[in-house]
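Trainee: Before we start, here is the structure in question, set down as structure tokens.
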Amino acid sequence: MKYISDESGRRVVELTQRNLLVLLAKLDDPLSSQALIDGEGRILVRAIENEARPDDATARARLSEGVVELTRSDIETLLAALSHPGQDATLVRGGSEIVVRAVENTEHYRDRPPGRVWMPSSGQEL
């Protein structure tokens with residue numbers, strides 16, 4: 001995961017295919033925090049079930065605290081877009097305050113290994 005700014009200065013969270021698959025796995029792990037945090041601790045992406053989607057005001061408030069929430073459907077939509085080149089692989093959250101962009105694993109892991117992810121229920125590292 002990367003937390004960057006785009007050309008217009010808008011905040012962007014880039015999630016790799018691996019990040020998105022991990023978030024789905026975390027949704028199914030009852031002991032998991034169901035979240036990933038960027039390497040510098042600036043933004044946390046939390047996976048939530050579809051029925052827990054916050055309204056825009058709540059999403060903006062959570063974003064001001066450094067939290068972006070993605071539903072299971074959001075994550076599945078981003079993964080599907082990666083499977084179809086040319087399809088838009090972005091979502092806008094918190095009003096229009098942040099863009100969530102899906103990217104191929106090679107975009108982030110060319111020059112570094114992926115971060116460690118712990119799954120508490122299974123006791124495994126992904």
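Letters for chains follow the order of the structure tokens (A, B, ...), residue numbers begin at 1 for each chain, and ligand numbers begin at 1 in the order shown.
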From a DSSP calculation on the backbone, collect every residue of chain A in alpha helix (DSSP H) and output the set as an MDAnalysis selection string.
Mentor: chainID A and resid 17:27 56:64 72:83 105:109
Trainee: What lies within 7 Å of A:Val100 using only C-alpha atoms, ignoring chain neighbours under 6 positions off, as a ChimeraX atom specification?
Mentor: /A:12-14,90-92
Trainee: Could you tell me how far atom CA of A:Ala102 sits from atom CA of A:Gln17, in Å to one decimal place?
Mentor: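 Going from atom CA of A:Gln17 over to atom CA of A:Ala102, I get 6.9 Å.
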Trainee: Leaving out stretch 36-42 of chain A and any residue of its chain fewer than 5 positions from it, which residues lie within 10 Å of it when counting only C-alpha atoms, given as a count of residues only?
Mentor: 17
Trainee: Of the candidates A:Leu70, A:Val103, A:Met119, A:Ala81, which one gets nearest to A:Asp28 if we count only C-alpha atoms?
Mentor: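 The shortest atom-to-atom distance to A:Asp28 comes from A:Met119.
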Trainee: May I have all residues of stretch 23-107 of chain A that DSSP, computed from the backbone, assigns to strand (DSSP E), given as a ChimeraX atom specification?
Mentor: /A:35-37,44-48,67-71,90-93,98-103
Trainee: Could you name the residues that touch stretch 54-60 of chain A at 9 Å or less, counting only C-alpha atoms, but leaving out those on the same chain fewer than 5 positions away, as number ranges by chain?
Mentor: A: 65, 67-69, 93-95, 97
Trainee: In Å to one decimal, how far is atom CA of A:Ser96 from atom CA of A:Leu44?
Mentor: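 Result for atom CA of A:Leu44 versus atom CA of A:Ser96: 17.5 Å, one decimal.
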Trainee: Out of A:Ala52, A:Ala89, A:Leu126, A:Leu63, which residue has the shortest atom-to-atom distance to A:Ala25 when counting only C-alpha atoms?
Mentor: A:Leu126
Trainee: Which neighbours of A:Asp29 fall inside 10 Å, counting only C-alpha atoms, when residues of the same chain fewer than 5 positions from it are skipped, and could you give them as a PDB file with N, CA and C atoms, in the first residue's frame?
Mentor:
```pdb
ATOM      1  N   LEU A  23      -7.184  -7.900   2.480  1.00  0.00           N
ATOM      2  CA  LEU A  23      -8.330  -7.270   3.144  1.00  0.00           C
ATOM      3  C   LEU A  23      -9.553  -8.186   3.118  1.00  0.00           C
ATOM      4  N   LEU A  24      -9.778  -8.873   1.995  1.00  0.00           N
ATOM      5  CA  LEU A  24     -10.890  -9.832   1.947  1.00  0.00           C
ATOM      6  C   LEU A  24     -10.667 -10.975   2.937  1.00  0.00           C
ATOM      7  N   GLN A  34      -8.888  -6.447  10.644  1.00  0.00           N
ATOM      8  CA  GLN A  34      -9.509  -6.184   9.345  1.00  0.00           C
ATOM      9  C   GLN A  34      -9.021  -4.877   8.742  1.00  0.00           C
ATOM     10  N   MET A 119      -2.353 -13.255  10.191  1.00  0.00           N
ATOM     11  CA  MET A 119      -3.747 -13.689  10.285  1.00  0.00           C
ATOM     12  C   MET A 119      -3.909 -14.408  11.627  1.00  0.00           C
ATOM     13  N   PRO A 120      -4.515 -13.746  12.606  1.00  0.00           N
ATOM     14  CA  PRO A 120      -4.554 -14.295  13.961  1.00  0.00           C
ATOM     15  C   PRO A 120      -5.297 -15.623  14.112  1.00  0.00           C
ATOM     16  N   SER A 121      -6.388 -15.821  13.413  1.00  0.00           N
ATOM     17  CA  SER A 121      -7.152 -17.065  13.586  1.00  0.00           C
ATOM     18  C   SER A 121      -6.358 -18.296  13.168  1.00  0.00           C
ATOM     19  N   SER A 122      -5.635 -18.173  12.070  1.00  0.00           N
ATOM     20  CA  SER A 122      -4.862 -19.315  11.571  1.00  0.00           C
ATOM     21  C   SER A 122      -3.442 -19.336  12.118  1.00  0.00           C
TER      22      SER A 122
END
```
Trainee: Under the rule that only C-alpha atoms are counted, which of A:Thr16, A:Arg53, A:Leu79, A:Leu31 is the nearest residue to A:Glu107?
Mentor: A:Thr16
Trainee: Pick the closest to A:Asn105 from A:Glu51, A:Ala61, A:His84, A:Arg18: which is it, counting only C-alpha atoms?
Mentor: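 Checking each of A:Glu51, A:Ala61, A:His84, A:Arg18 against A:Asn105, counting only C-alpha atoms, the winner is A:Arg18.
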Trainee: Work out how far atom CA of A:Glu125 is from atom CA of A:Thr106, in Å to one decimal.
Mentor: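 So the answer is 20.4 Å.
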Trainee: Taking only C-alpha atoms into account, name the residue in A:Pro113, A:Leu27, A:Leu82, A:Asp88 that is nearest to A:Glu49.
Mentor: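 Ranked by minimum distance to A:Glu49, first place goes to A:Leu27.
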